[in-house]
Every structure is written in C-alpha cells, then in structure tokens.
file target.txt (compact mmCIF, N, CA and C atoms)
# COMPACT_ATOMS: atom_id res chain seq x y z
N MET A 43 96.26 9.07 25.50
CA MET A 43 95.96 10.47 25.28
C MET A 43 95.76 10.70 23.78
N THR A 44 94.70 11.37 23.42
CA THR A 44 94.42 11.63 22.02
C THR A 44 94.83 13.05 21.66
N THR A 45 95.17 13.21 20.40
CA THR A 45 95.52 14.53 19.89
C THR A 45 94.24 15.31 19.64
N PRO A 46 94.15 16.55 20.11
CA PRO A 46 92.92 17.33 19.93
C PRO A 46 92.75 17.80 18.48
N TYR A 47 91.52 18.01 18.12
CA TYR A 47 91.18 18.64 16.85
C TYR A 47 91.29 20.14 17.03
N THR A 48 91.82 20.83 16.03
CA THR A 48 91.93 22.27 16.07
C THR A 48 91.25 22.84 14.83
N GLU A 49 90.32 23.75 15.03
CA GLU A 49 89.69 24.41 13.90
C GLU A 49 90.64 25.46 13.34
N VAL A 50 90.75 25.51 12.02
CA VAL A 50 91.60 26.49 11.35
C VAL A 50 90.69 27.54 10.72
N ARG A 51 90.97 28.80 11.02
CA ARG A 51 90.18 29.92 10.50
C ARG A 51 91.10 30.99 9.96
N THR A 52 90.64 31.66 8.92
CA THR A 52 91.36 32.82 8.38
C THR A 52 90.38 33.73 7.67
N THR A 53 90.65 35.03 7.74
CA THR A 53 89.86 35.99 6.98
C THR A 53 90.40 36.12 5.56
N ASP A 54 91.50 35.43 5.25
CA ASP A 54 92.08 35.47 3.91
C ASP A 54 91.42 34.49 2.95
N ALA A 55 90.43 33.74 3.43
CA ALA A 55 89.62 32.86 2.60
C ALA A 55 88.16 33.12 2.98
N PRO A 56 87.23 32.82 2.08
CA PRO A 56 85.82 33.07 2.40
C PRO A 56 85.36 32.29 3.63
N ALA A 57 84.48 32.91 4.40
CA ALA A 57 83.88 32.22 5.54
C ALA A 57 83.02 31.07 5.02
N PRO A 58 82.96 29.96 5.75
CA PRO A 58 82.12 28.86 5.32
C PRO A 58 80.66 29.30 5.20
N ALA A 59 79.99 28.83 4.15
CA ALA A 59 78.61 29.21 3.91
C ALA A 59 77.65 28.44 4.81
N TRP A 60 78.05 27.27 5.27
CA TRP A 60 77.18 26.44 6.10
C TRP A 60 77.93 26.04 7.35
N SER A 61 77.49 25.05 8.01
CA SER A 61 78.06 24.67 9.31
C SER A 61 79.22 23.69 9.16
N PHE A 62 80.35 24.21 8.74
CA PHE A 62 81.59 23.45 8.69
C PHE A 62 82.76 24.40 8.86
N SER A 63 83.93 23.85 9.11
CA SER A 63 85.14 24.64 9.33
C SER A 63 85.86 24.88 8.01
N GLN A 64 86.60 25.97 7.91
CA GLN A 64 87.47 26.19 6.74
C GLN A 64 88.52 25.09 6.68
N GLY A 65 89.01 24.71 7.84
CA GLY A 65 90.01 23.66 7.92
C GLY A 65 90.01 23.06 9.32
N VAL A 66 90.53 21.85 9.40
CA VAL A 66 90.66 21.17 10.68
C VAL A 66 92.03 20.50 10.72
N ARG A 67 92.70 20.65 11.85
CA ARG A 67 93.98 20.00 12.04
C ARG A 67 93.90 19.06 13.23
N LYS A 68 94.43 17.86 13.05
CA LYS A 68 94.56 16.89 14.14
C LYS A 68 95.98 16.36 14.04
N GLY A 69 96.78 16.73 15.02
CA GLY A 69 98.19 16.37 14.95
C GLY A 69 98.80 16.97 13.68
N PRO A 70 99.49 16.17 12.89
CA PRO A 70 100.11 16.70 11.69
C PRO A 70 99.18 16.76 10.48
N ILE A 71 97.96 16.24 10.60
CA ILE A 71 97.05 16.18 9.46
C ILE A 71 96.20 17.45 9.41
N LEU A 72 96.19 18.09 8.25
CA LEU A 72 95.40 19.29 8.02
C LEU A 72 94.49 19.05 6.83
N GLN A 73 93.19 19.16 7.04
CA GLN A 73 92.21 19.04 5.96
C GLN A 73 91.61 20.41 5.71
N VAL A 74 91.63 20.83 4.45
CA VAL A 74 91.02 22.09 4.04
C VAL A 74 89.69 21.77 3.37
N SER A 75 88.62 22.40 3.85
CA SER A 75 87.31 22.23 3.24
C SER A 75 87.31 22.77 1.82
N GLY A 76 86.38 22.28 1.03
CA GLY A 76 86.25 22.75 -0.34
C GLY A 76 86.10 24.25 -0.41
N GLN A 77 86.92 24.85 -1.23
CA GLN A 77 86.89 26.30 -1.45
C GLN A 77 86.41 26.56 -2.86
N GLY A 78 85.81 27.73 -3.04
CA GLY A 78 85.34 28.13 -4.36
C GLY A 78 85.96 29.45 -4.77
N PRO A 79 85.55 29.96 -5.91
CA PRO A 79 86.13 31.19 -6.47
C PRO A 79 85.48 32.45 -5.89
N GLN A 80 85.59 32.59 -4.58
CA GLN A 80 84.95 33.71 -3.91
C GLN A 80 85.96 34.73 -3.41
N ASP A 81 85.50 35.96 -3.34
CA ASP A 81 86.28 37.02 -2.72
C ASP A 81 86.25 36.78 -1.20
N PRO A 82 87.42 36.71 -0.55
CA PRO A 82 87.44 36.45 0.89
C PRO A 82 86.70 37.51 1.71
N ALA A 83 86.75 38.75 1.29
CA ALA A 83 86.15 39.84 2.07
C ALA A 83 84.63 39.88 1.94
N THR A 84 84.12 39.65 0.73
CA THR A 84 82.69 39.83 0.50
C THR A 84 81.93 38.51 0.31
N GLY A 85 82.63 37.44 -0.03
CA GLY A 85 81.96 36.17 -0.32
C GLY A 85 81.38 36.12 -1.73
N ALA A 86 81.54 37.19 -2.50
CA ALA A 86 80.99 37.23 -3.86
C ALA A 86 81.75 36.25 -4.76
N TYR A 87 81.00 35.58 -5.62
CA TYR A 87 81.63 34.69 -6.61
C TYR A 87 82.25 35.55 -7.71
N LEU A 88 83.49 35.21 -8.06
CA LEU A 88 84.26 36.01 -9.00
C LEU A 88 84.42 35.29 -10.35
N TYR A 89 84.69 36.05 -11.38
CA TYR A 89 85.05 35.55 -12.71
C TYR A 89 84.01 34.61 -13.32
N PRO A 90 82.77 35.07 -13.45
CA PRO A 90 81.73 34.22 -14.04
C PRO A 90 82.14 33.69 -15.41
N GLY A 91 82.00 32.40 -15.60
CA GLY A 91 82.28 31.77 -16.89
C GLY A 91 83.75 31.55 -17.20
N ASP A 92 84.68 31.97 -16.34
CA ASP A 92 86.11 31.87 -16.62
C ASP A 92 86.75 30.85 -15.66
N VAL A 93 86.79 29.60 -16.09
CA VAL A 93 87.29 28.54 -15.20
C VAL A 93 88.76 28.71 -14.86
N ARG A 94 89.54 29.27 -15.75
CA ARG A 94 90.96 29.50 -15.47
C ARG A 94 91.12 30.47 -14.29
N ALA A 95 90.44 31.60 -14.36
CA ALA A 95 90.52 32.60 -13.28
C ALA A 95 89.88 32.06 -12.00
N GLN A 96 88.78 31.32 -12.13
CA GLN A 96 88.15 30.73 -10.95
C GLN A 96 89.07 29.71 -10.27
N THR A 97 89.80 28.93 -11.07
CA THR A 97 90.72 27.94 -10.50
C THR A 97 91.81 28.64 -9.70
N THR A 98 92.39 29.69 -10.26
CA THR A 98 93.45 30.42 -9.57
C THR A 98 92.93 31.02 -8.25
N ARG A 99 91.76 31.68 -8.30
CA ARG A 99 91.18 32.27 -7.08
C ARG A 99 90.88 31.18 -6.05
N THR A 100 90.35 30.06 -6.49
CA THR A 100 90.02 28.96 -5.58
C THR A 100 91.27 28.42 -4.92
N LEU A 101 92.33 28.22 -5.69
CA LEU A 101 93.59 27.74 -5.13
C LEU A 101 94.19 28.76 -4.16
N GLU A 102 94.04 30.04 -4.43
CA GLU A 102 94.50 31.06 -3.49
C GLU A 102 93.74 30.96 -2.17
N ASN A 103 92.45 30.66 -2.24
CA ASN A 103 91.66 30.48 -1.02
C ASN A 103 92.11 29.23 -0.26
N VAL A 104 92.38 28.14 -0.98
CA VAL A 104 92.89 26.93 -0.34
C VAL A 104 94.22 27.23 0.33
N LEU A 105 95.10 27.92 -0.37
CA LEU A 105 96.41 28.25 0.18
C LEU A 105 96.30 29.10 1.45
N ALA A 106 95.34 30.01 1.48
CA ALA A 106 95.14 30.84 2.68
C ALA A 106 94.80 29.97 3.89
N VAL A 107 93.97 28.96 3.70
CA VAL A 107 93.61 28.07 4.81
C VAL A 107 94.81 27.19 5.17
N LEU A 108 95.52 26.70 4.17
CA LEU A 108 96.74 25.92 4.44
C LEU A 108 97.70 26.74 5.31
N ARG A 109 97.95 27.97 4.92
CA ARG A 109 98.87 28.83 5.67
C ARG A 109 98.38 29.09 7.09
N ALA A 110 97.07 29.29 7.24
CA ALA A 110 96.51 29.50 8.57
C ALA A 110 96.69 28.28 9.46
N GLY A 111 96.79 27.10 8.83
CA GLY A 111 97.01 25.87 9.57
C GLY A 111 98.46 25.48 9.69
N GLY A 112 99.37 26.36 9.24
CA GLY A 112 100.80 26.10 9.36
C GLY A 112 101.40 25.34 8.21
N ALA A 113 100.72 25.29 7.07
CA ALA A 113 101.19 24.51 5.92
C ALA A 113 101.34 25.38 4.68
N GLY A 114 101.87 24.77 3.64
CA GLY A 114 101.97 25.38 2.33
C GLY A 114 101.79 24.30 1.28
N VAL A 115 101.97 24.64 0.05
CA VAL A 115 101.79 23.68 -1.04
C VAL A 115 102.75 22.50 -0.90
N ASP A 116 103.95 22.73 -0.39
CA ASP A 116 104.92 21.64 -0.20
C ASP A 116 104.42 20.58 0.77
N ASP A 117 103.46 20.92 1.61
CA ASP A 117 102.94 19.99 2.61
C ASP A 117 101.71 19.22 2.13
N VAL A 118 101.19 19.58 0.98
CA VAL A 118 99.95 18.97 0.49
C VAL A 118 100.21 17.58 -0.09
N LEU A 119 99.45 16.62 0.40
CA LEU A 119 99.47 15.27 -0.17
C LEU A 119 98.55 15.18 -1.37
N MET A 120 97.37 15.84 -1.27
CA MET A 120 96.34 15.66 -2.28
C MET A 120 95.47 16.88 -2.42
N PHE A 121 95.28 17.31 -3.65
CA PHE A 121 94.25 18.27 -4.00
C PHE A 121 93.13 17.50 -4.69
N ARG A 122 91.89 17.83 -4.34
CA ARG A 122 90.75 17.28 -5.07
C ARG A 122 90.07 18.45 -5.77
N VAL A 123 89.91 18.32 -7.07
CA VAL A 123 89.32 19.36 -7.89
C VAL A 123 87.96 18.86 -8.38
N TYR A 124 86.95 19.68 -8.18
CA TYR A 124 85.60 19.36 -8.64
C TYR A 124 85.23 20.37 -9.72
N LEU A 125 84.92 19.88 -10.90
CA LEU A 125 84.55 20.73 -12.04
C LEU A 125 83.11 20.42 -12.46
N THR A 126 82.46 21.42 -13.03
CA THR A 126 81.09 21.20 -13.50
C THR A 126 81.06 20.65 -14.92
N LYS A 127 82.10 20.93 -15.74
CA LYS A 127 82.05 20.52 -17.15
C LYS A 127 83.40 19.94 -17.59
N ARG A 128 83.33 18.82 -18.32
CA ARG A 128 84.55 18.20 -18.84
C ARG A 128 85.34 19.15 -19.74
N GLU A 129 84.64 19.95 -20.52
CA GLU A 129 85.34 20.85 -21.44
C GLU A 129 86.16 21.91 -20.73
N ASP A 130 85.99 22.08 -19.43
CA ASP A 130 86.78 23.04 -18.65
C ASP A 130 88.09 22.43 -18.14
N PHE A 131 88.30 21.14 -18.37
CA PHE A 131 89.47 20.47 -17.79
C PHE A 131 90.79 21.10 -18.22
N ALA A 132 90.98 21.35 -19.50
CA ALA A 132 92.27 21.87 -19.99
C ALA A 132 92.59 23.24 -19.38
N ALA A 133 91.62 24.13 -19.35
CA ALA A 133 91.85 25.47 -18.78
C ALA A 133 92.14 25.38 -17.28
N MET A 134 91.38 24.53 -16.57
CA MET A 134 91.64 24.33 -15.14
C MET A 134 93.04 23.77 -14.95
N ASN A 135 93.40 22.78 -15.75
CA ASN A 135 94.70 22.13 -15.61
C ASN A 135 95.84 23.11 -15.85
N ASP A 136 95.68 24.00 -16.82
CA ASP A 136 96.71 25.02 -17.08
C ASP A 136 96.86 25.95 -15.88
N ALA A 137 95.74 26.42 -15.33
CA ALA A 137 95.80 27.32 -14.18
C ALA A 137 96.38 26.59 -12.96
N TYR A 138 96.00 25.34 -12.77
CA TYR A 138 96.51 24.53 -11.66
C TYR A 138 98.03 24.38 -11.79
N ALA A 139 98.49 24.03 -12.99
CA ALA A 139 99.94 23.83 -13.21
C ALA A 139 100.72 25.11 -12.92
N ALA A 140 100.19 26.26 -13.36
CA ALA A 140 100.87 27.54 -13.10
C ALA A 140 100.92 27.83 -11.60
N PHE A 141 99.85 27.54 -10.89
CA PHE A 141 99.80 27.77 -9.45
C PHE A 141 100.83 26.88 -8.74
N ILE A 142 100.88 25.61 -9.09
CA ILE A 142 101.82 24.68 -8.47
C ILE A 142 103.26 25.13 -8.75
N GLU A 143 103.52 25.51 -9.98
CA GLU A 143 104.86 25.99 -10.36
C GLU A 143 105.26 27.19 -9.51
N LYS A 144 104.32 28.09 -9.25
CA LYS A 144 104.59 29.31 -8.49
C LYS A 144 104.80 29.03 -6.99
N HIS A 145 104.05 28.07 -6.44
CA HIS A 145 104.02 27.91 -4.99
C HIS A 145 104.76 26.69 -4.46
N LEU A 146 105.23 25.80 -5.31
CA LEU A 146 105.98 24.64 -4.85
C LEU A 146 107.46 24.99 -4.81
N SER A 147 108.14 24.62 -3.75
CA SER A 147 109.57 24.89 -3.63
C SER A 147 110.34 24.18 -4.74
N PRO A 148 111.46 24.75 -5.18
CA PRO A 148 112.28 24.06 -6.18
C PRO A 148 112.64 22.66 -5.71
N GLY A 149 112.42 21.69 -6.56
CA GLY A 149 112.70 20.31 -6.21
C GLY A 149 111.62 19.65 -5.38
N GLY A 150 110.56 20.40 -5.04
CA GLY A 150 109.47 19.84 -4.24
C GLY A 150 108.69 18.79 -5.02
N VAL A 151 108.03 17.93 -4.28
CA VAL A 151 107.22 16.87 -4.88
C VAL A 151 105.82 17.42 -5.14
N LYS A 152 105.37 17.30 -6.38
CA LYS A 152 104.03 17.76 -6.73
C LYS A 152 103.00 16.92 -5.98
N PRO A 153 101.97 17.57 -5.42
CA PRO A 153 100.93 16.82 -4.72
C PRO A 153 100.15 15.93 -5.68
N CYS A 154 99.53 14.90 -5.13
CA CYS A 154 98.59 14.10 -5.90
C CYS A 154 97.37 14.97 -6.20
N ARG A 155 96.59 14.55 -7.20
CA ARG A 155 95.37 15.29 -7.52
C ARG A 155 94.36 14.34 -8.13
N THR A 156 93.12 14.56 -7.78
CA THR A 156 91.99 13.88 -8.41
C THR A 156 91.07 14.96 -8.93
N THR A 157 90.51 14.75 -10.12
CA THR A 157 89.53 15.68 -10.67
C THR A 157 88.23 14.91 -10.89
N VAL A 158 87.15 15.48 -10.38
CA VAL A 158 85.84 14.85 -10.46
C VAL A 158 84.88 15.86 -11.10
N PHE A 159 83.96 15.36 -11.92
CA PHE A 159 82.97 16.22 -12.57
C PHE A 159 81.64 16.05 -11.84
N VAL A 160 81.11 17.18 -11.33
CA VAL A 160 79.95 17.16 -10.45
C VAL A 160 79.07 18.38 -10.67
N GLY A 161 77.91 18.37 -10.05
CA GLY A 161 77.10 19.58 -9.92
C GLY A 161 77.53 20.26 -8.63
N LEU A 162 77.89 21.52 -8.69
CA LEU A 162 78.35 22.26 -7.50
C LEU A 162 77.20 23.03 -6.87
N PRO A 163 77.32 23.40 -5.59
CA PRO A 163 76.17 23.93 -4.85
C PRO A 163 75.68 25.32 -5.28
N GLN A 164 76.54 26.10 -5.93
CA GLN A 164 76.13 27.44 -6.36
C GLN A 164 76.30 27.57 -7.87
N GLU A 165 75.34 28.13 -8.53
CA GLU A 165 75.33 28.24 -9.99
C GLU A 165 76.59 28.88 -10.58
N PRO A 166 77.15 29.96 -10.00
CA PRO A 166 78.33 30.58 -10.61
C PRO A 166 79.62 29.78 -10.46
N MET A 167 79.60 28.76 -9.61
CA MET A 167 80.82 27.97 -9.36
C MET A 167 81.09 27.02 -10.52
N LEU A 168 82.26 27.16 -11.12
CA LEU A 168 82.72 26.20 -12.13
C LEU A 168 83.69 25.21 -11.53
N VAL A 169 84.28 25.58 -10.38
CA VAL A 169 85.31 24.76 -9.74
C VAL A 169 85.22 24.88 -8.22
N GLU A 170 85.56 23.79 -7.56
CA GLU A 170 85.73 23.76 -6.10
C GLU A 170 86.94 22.87 -5.84
N ILE A 171 87.75 23.22 -4.85
CA ILE A 171 88.97 22.48 -4.56
C ILE A 171 89.13 22.32 -3.06
N ASP A 172 89.52 21.10 -2.63
CA ASP A 172 89.91 20.89 -1.24
C ASP A 172 91.31 20.30 -1.21
N ALA A 173 91.88 20.19 -0.02
CA ALA A 173 93.25 19.70 0.10
C ALA A 173 93.45 18.99 1.42
N GLN A 174 94.42 18.08 1.42
CA GLN A 174 94.87 17.45 2.66
C GLN A 174 96.38 17.57 2.72
N ALA A 175 96.88 18.00 3.87
CA ALA A 175 98.31 18.22 4.05
C ALA A 175 98.79 17.55 5.33
N ILE A 176 100.08 17.31 5.36
CA ILE A 176 100.77 16.83 6.57
C ILE A 176 101.74 17.92 6.99
N VAL A 177 101.59 18.40 8.23
CA VAL A 177 102.40 19.49 8.75
C VAL A 177 103.32 18.93 9.83
N LEU A 178 104.61 18.92 9.56
CA LEU A 178 105.56 18.33 10.49
C LEU A 178 106.23 19.34 11.41
N SER A 179 105.97 20.61 11.18
CA SER A 179 106.61 21.61 12.05
C SER A 179 105.64 22.14 13.07
call {"tool": "encode", "arguments": {"input": "target.txt", "output": "structure tokens"}}
result
Amino acid sequence: MTTPYTEVRTTDAPAPAWSFSQGVRKGPILQVSGQGPQDPATGAYLYPGDVRAQTTRTLENVLAVLRAGGAGVDDVLMFRVYLTKREDFAAMNDAYAAFIEKHLSPGGVKPCRTTVFVGLPQEPMLVEIDAQAIVLS
C-alpha cells in the first residue's frame, strides 16, 4: 500500500502562477513550492528593489504553506533561497536570520539552507524560496 499524495493549499500564500501546487505532502514529507515576495490576496509583487523586505515576505508565504501542511519552521530540513544578485546576499541573510530567530522554537535546530544565484521568472522578484519539511504529527 502506498501513501497518497496530498495537495496543500492556502489563501495565506499567493496562488500558484502556473500549473503546480503550493505544496505537496506524501506521508511525513512536505515540499513547499518556490514562493516569491507577493501579496497573498492580490498576487502583486511587493517591495520593489528591497531584498530584505522581499525575503521576509517570501518567508512568510513559505510559512503559510508549511502551516497549511501541518508544519512549522521547526519541521523544515532545508530552505533553498534563489537570489538574482550576489550583492543582495548580506541583506537577504540578515532578513533570513531574523525570521529564523522569530519562528524557530527555543533550542530548535536551524534548518539547512542553500543559496543559489539565478534569473527569476518575474522582473520584480529579487528572491524566491522553497522548503522541505518532515511532519511527524
């Protein structure tokens, strides 16, 4: 018997722009699709040119999908961060660290992270982030 795939949806994160799910859960594994700095209600890209604010908004969108799938930051094994410019790394890293500090339980293990520099699909996007979590409850 195989464990079914479950699509994870929430209105607290932007709707997918193309044909993919916000998140998918199979058993204890939860994968969150890449999120960007969009307003969940309107889909509008926020904070043009401000990678720090875009990182925080993007992580809030990732967290919304994690929560919809029964997870939180404590359950994340890996965040993958995609940036358009190397010079944005320090500001992104500062915003990321503040977010982790705020949302990780005291004594929790910080998730792994990879940062990659790429061209992103929409011009206003300076950052995109996805996550993989293990949900044991």
call {"tool": "residues_near_point", "arguments": {"input": "target.txt", "point": "(94.0, 32.6, 2.1)", "cutoff": "10 Å", "atoms": "only C-alpha atoms", "output": "list of chain:residue names"}}
result
A:Arg51, A:Thr52, A:Thr53, A:Asp54, A:Ala55, A:Pro56, A:Pro82, A:Arg99, A:Thr100, A:Leu101, A:Glu102, A:Asn103, A:Val104, A:Leu105, A:Ala106, A:Val107, A:Leu108, A:Arg109, A:Ala110
call {"tool": "closest_residue", "arguments": {"input": "target.txt", "among": "A:Gln174, A:Arg122, A:His145, A:Pro163", "to": "Arg67 (chain A)", "atoms": "only C-alpha atoms"}}
result
A:Gln174
call {"tool": "residues_near_point", "arguments": {"input": "target.txt", "point": "(84.6, 13.9, -13.2)", "cutoff": "8 Å", "atoms": "only N, CA and C atoms", "output": "ChimeraX atom specification"}}
result
/A:123-128,156-160
call {"tool": "select_by_dssp", "arguments": {"input": "target.txt", "residues": "region 55-161 of chain A", "states": "alpha helix (DSSP H)", "output": "PDB file with N, CA and C atoms, in the frame of the given file"}}
result
ATOM      1  N   VAL A  93      86.790  29.600 -16.090  1.00  0.00           N
ATOM      2  CA  VAL A  93      87.290  28.540 -15.200  1.00  0.00           C
ATOM      3  C   VAL A  93      88.760  28.710 -14.860  1.00  0.00           C
ATOM      4  N   ARG A  94      89.540  29.270 -15.750  1.00  0.00           N
ATOM      5  CA  ARG A  94      90.960  29.500 -15.470  1.00  0.00           C
ATOM      6  C   ARG A  94      91.120  30.470 -14.290  1.00  0.00           C
ATOM      7  N   ALA A  95      90.440  31.600 -14.360  1.00  0.00           N
ATOM      8  CA  ALA A  95      90.520  32.600 -13.280  1.00  0.00           C
ATOM      9  C   ALA A  95      89.880  32.060 -12.000  1.00  0.00           C
ATOM     10  N   GLN A  96      88.780  31.320 -12.130  1.00  0.00           N
ATOM     11  CA  GLN A  96      88.150  30.730 -10.950  1.00  0.00           C
ATOM     12  C   GLN A  96      89.070  29.710 -10.270  1.00  0.00           C
ATOM     13  N   THR A  97      89.800  28.930 -11.070  1.00  0.00           N
ATOM     14  CA  THR A  97      90.720  27.940 -10.500  1.00  0.00           C
ATOM     15  C   THR A  97      91.810  28.640  -9.700  1.00  0.00           C
ATOM     16  N   THR A  98      92.390  29.690 -10.260  1.00  0.00           N
ATOM     17  CA  THR A  98      93.450  30.420  -9.570  1.00  0.00           C
ATOM     18  C   THR A  98      92.930  31.020  -8.250  1.00  0.00           C
ATOM     19  N   ARG A  99      91.760  31.680  -8.300  1.00  0.00           N
ATOM     20  CA  ARG A  99      91.180  32.270  -7.080  1.00  0.00           C
ATOM     21  C   ARG A  99      90.880  31.180  -6.050  1.00  0.00           C
ATOM     22  N   THR A 100      90.350  30.060  -6.490  1.00  0.00           N
ATOM     23  CA  THR A 100      90.020  28.960  -5.580  1.00  0.00           C
ATOM     24  C   THR A 100      91.270  28.420  -4.920  1.00  0.00           C
ATOM     25  N   LEU A 101      92.330  28.220  -5.690  1.00  0.00           N
ATOM     26  CA  LEU A 101      93.590  27.740  -5.130  1.00  0.00           C
ATOM     27  C   LEU A 101      94.190  28.760  -4.160  1.00  0.00           C
ATOM     28  N   GLU A 102      94.040  30.040  -4.430  1.00  0.00           N
ATOM     29  CA  GLU A 102      94.500  31.060  -3.490  1.00  0.00           C
ATOM     30  C   GLU A 102      93.740  30.960  -2.170  1.00  0.00           C
ATOM     31  N   ASN A 103      92.450  30.660  -2.240  1.00  0.00           N
ATOM     32  CA  ASN A 103      91.660  30.480  -1.020  1.00  0.00           C
ATOM     33  C   ASN A 103      92.110  29.230  -0.260  1.00  0.00           C
ATOM     34  N   VAL A 104      92.380  28.140  -0.980  1.00  0.00           N
ATOM     35  CA  VAL A 104      92.890  26.930  -0.340  1.00  0.00           C
ATOM     36  C   VAL A 104      94.220  27.230   0.330  1.00  0.00           C
ATOM     37  N   LEU A 105      95.100  27.920  -0.370  1.00  0.00           N
ATOM     38  CA  LEU A 105      96.410  28.250   0.180  1.00  0.00           C
ATOM     39  C   LEU A 105      96.300  29.100   1.450  1.00  0.00           C
ATOM     40  N   ALA A 106      95.340  30.010   1.480  1.00  0.00           N
ATOM     41  CA  ALA A 106      95.140  30.840   2.680  1.00  0.00           C
ATOM     42  C   ALA A 106      94.800  29.970   3.890  1.00  0.00           C
ATOM     43  N   VAL A 107      93.970  28.960   3.700  1.00  0.00           N
ATOM     44  CA  VAL A 107      93.610  28.070   4.810  1.00  0.00           C
ATOM     45  C   VAL A 107      94.810  27.190   5.170  1.00  0.00           C
ATOM     46  N   LEU A 108      95.520  26.700   4.170  1.00  0.00           N
ATOM     47  CA  LEU A 108      96.740  25.920   4.440  1.00  0.00           C
ATOM     48  C   LEU A 108      97.700  26.740   5.310  1.00  0.00           C
ATOM     49  N   ARG A 109      97.950  27.970   4.920  1.00  0.00           N
ATOM     50  CA  ARG A 109      98.870  28.830   5.670  1.00  0.00           C
ATOM     51  C   ARG A 109      98.380  29.090   7.090  1.00  0.00           C
ATOM     52  N   ALA A 110      97.070  29.290   7.240  1.00  0.00           N
ATOM     53  CA  ALA A 110      96.510  29.500   8.570  1.00  0.00           C
ATOM     54  C   ALA A 110      96.690  28.280   9.460  1.00  0.00           C
ATOM     55  N   PHE A 131      88.300  21.140 -18.370  1.00  0.00           N
ATOM     56  CA  PHE A 131      89.470  20.470 -17.790  1.00  0.00           C
ATOM     57  C   PHE A 131      90.790  21.100 -18.220  1.00  0.00           C
ATOM     58  N   ALA A 132      90.980  21.350 -19.500  1.00  0.00           N
ATOM     59  CA  ALA A 132      92.270  21.870 -19.990  1.00  0.00           C
ATOM     60  C   ALA A 132      92.590  23.240 -19.380  1.00  0.00           C
ATOM     61  N   ALA A 133      91.620  24.130 -19.350  1.00  0.00           N
ATOM     62  CA  ALA A 133      91.850  25.470 -18.780  1.00  0.00           C
ATOM     63  C   ALA A 133      92.140  25.380 -17.280  1.00  0.00           C
ATOM     64  N   MET A 134      91.380  24.530 -16.570  1.00  0.00           N
ATOM     65  CA  MET A 134      91.640  24.330 -15.140  1.00  0.00           C
ATOM     66  C   MET A 134      93.040  23.770 -14.950  1.00  0.00           C
ATOM     67  N   ASN A 135      93.400  22.780 -15.750  1.00  0.00           N
ATOM     68  CA  ASN A 135      94.700  22.130 -15.610  1.00  0.00           C
ATOM     69  C   ASN A 135      95.840  23.110 -15.850  1.00  0.00           C
ATOM     70  N   ASP A 136      95.680  24.000 -16.820  1.00  0.00           N
ATOM     71  CA  ASP A 136      96.710  25.020 -17.080  1.00  0.00           C
ATOM     72  C   ASP A 136      96.860  25.950 -15.880  1.00  0.00           C
ATOM     73  N   ALA A 137      95.740  26.420 -15.330  1.00  0.00           N
ATOM     74  CA  ALA A 137      95.800  27.320 -14.180  1.00  0.00           C
ATOM     75  C   ALA A 137      96.380  26.590 -12.960  1.00  0.00           C
ATOM     76  N   TYR A 138      96.000  25.340 -12.770  1.00  0.00           N
ATOM     77  CA  TYR A 138      96.510  24.530 -11.660  1.00  0.00           C
ATOM     78  C   TYR A 138      98.030  24.380 -11.790  1.00  0.00           C
ATOM     79  N   ALA A 139      98.490  24.030 -12.990  1.00  0.00           N
ATOM     80  CA  ALA A 139      99.940  23.830 -13.210  1.00  0.00           C
ATOM     81  C   ALA A 139     100.720  25.110 -12.920  1.00  0.00           C
ATOM     82  N   ALA A 140     100.190  26.260 -13.360  1.00  0.00           N
ATOM     83  CA  ALA A 140     100.870  27.540 -13.100  1.00  0.00           C
ATOM     84  C   ALA A 140     100.920  27.830 -11.600  1.00  0.00           C
ATOM     85  N   PHE A 141      99.850  27.540 -10.890  1.00  0.00           N
ATOM     86  CA  PHE A 141      99.800  27.770  -9.450  1.00  0.00           C
ATOM     87  C   PHE A 141     100.830  26.880  -8.740  1.00  0.00           C
ATOM     88  N   ILE A 142     100.880  25.610  -9.090  1.00  0.00           N
ATOM     89  CA  ILE A 142     101.820  24.680  -8.470  1.00  0.00           C
ATOM     90  C   ILE A 142     103.260  25.130  -8.750  1.00  0.00           C
ATOM     91  N   GLU A 143     103.520  25.510  -9.980  1.00  0.00           N
ATOM     92  CA  GLU A 143     104.860  25.990 -10.360  1.00  0.00           C
ATOM     93  C   GLU A 143     105.260  27.190  -9.510  1.00  0.00           C
ATOM     94  N   LYS A 144     104.320  28.090  -9.250  1.00  0.00           N
ATOM     95  CA  LYS A 144     104.590  29.310  -8.490  1.00  0.00           C
ATOM     96  C   LYS A 144     104.800  29.030  -6.990  1.00  0.00           C
ATOM     97  N   HIS A 145     104.050  28.070  -6.440  1.00  0.00           N
ATOM     98  CA  HIS A 145     104.020  27.910  -4.990  1.00  0.00           C
ATOM     99  C   HIS A 145     104.760  26.690  -4.460  1.00  0.00           C
TER     100      HIS A 145
END
call {"tool": "closest_residue", "arguments": {"input": "target.txt", "among": "A:Ile142, A:Ala57, A:Met167, A:Ala137", "to": "Val115 (chain A)", "atoms": "all atoms listed in the file"}}
result
A:Ile142
call {"tool": "closest_residue", "arguments": {"input": "target.txt", "among": "A:Arg94, A:Thr44, A:Leu162, A:Tyr89", "to": "Gly69 (chain A)", "atoms": "all atoms listed in the file"}}
result
A:Thr44
call {"tool": "axis_aligned_box", "arguments": {"input": "target.txt", "around": "region 122-139 of chain A", "padding_each_side": "8 Å", "output": "lines of an AutoDock Vina configuration file"}}
result
center_x = 90.9
center_y = 22.3
center_z = -12.9
size_x = 35.7
size_y = 26.0
size_z = 33.1
call {"tool": "atom_distance", "arguments": {"input": "target.txt", "atom1": "CA of Val177 (chain A)", "atom2": "CA of Gln77 (chain A)"}}
result
19.8 Å
call {"tool": "atom_distance", "arguments": {"input": "target.txt", "atom1": "CA of Glu165 (chain A)", "atom2": "CA of Gln64 (chain A)"}}
result
20.8 Å
call {"tool": "select_by_dssp", "arguments": {"input": "target.txt", "residues": "chain A", "states": "strand (DSSP E)", "output": "JSON, numbers by chain"}}
result
{"A": [47, 48, 49, 50, 65, 66, 67, 68, 71, 72, 73, 74, 75, 76, 77, 118, 119, 120, 121, 122, 123, 124, 125, 154, 155, 156, 157, 158, 159, 169, 170, 171, 172, 173, 174, 175, 176]}
call {"tool": "residues_around", "arguments": {"input": "target.txt", "residues": "Ser179 (chain A)", "least_positions_apart": "3", "cutoff": "8 Å", "atoms": "all atoms listed in the file", "output": "list of chain:residue names"}}
result
A:Pro70, A:Gly112, A:Ile176
call {"tool": "atom_distance", "arguments": {"input": "target.txt", "atom1": "CA of Gln96 (chain A)", "atom2": "atom C of Ala140 (chain A)"}}
result
13.1 Å
call {"tool": "residues_around", "arguments": {"input": "target.txt", "residues": "Val93 (chain A)", "least_positions_apart": "5", "cutoff": "8 Å", "atoms": "only C-alpha atoms", "output": "list in words"}}
result
Asp130, Ala133, Met134, Leu168 and Val169 of chain A
call {"tool": "closest_residue", "arguments": {"input": "target.txt", "among": "A:Pro153, A:Gly65, A:Gly111, A:Gly78", "to": "Ala95 (chain A)", "atoms": "only C-alpha atoms"}}
result
A:Gly78
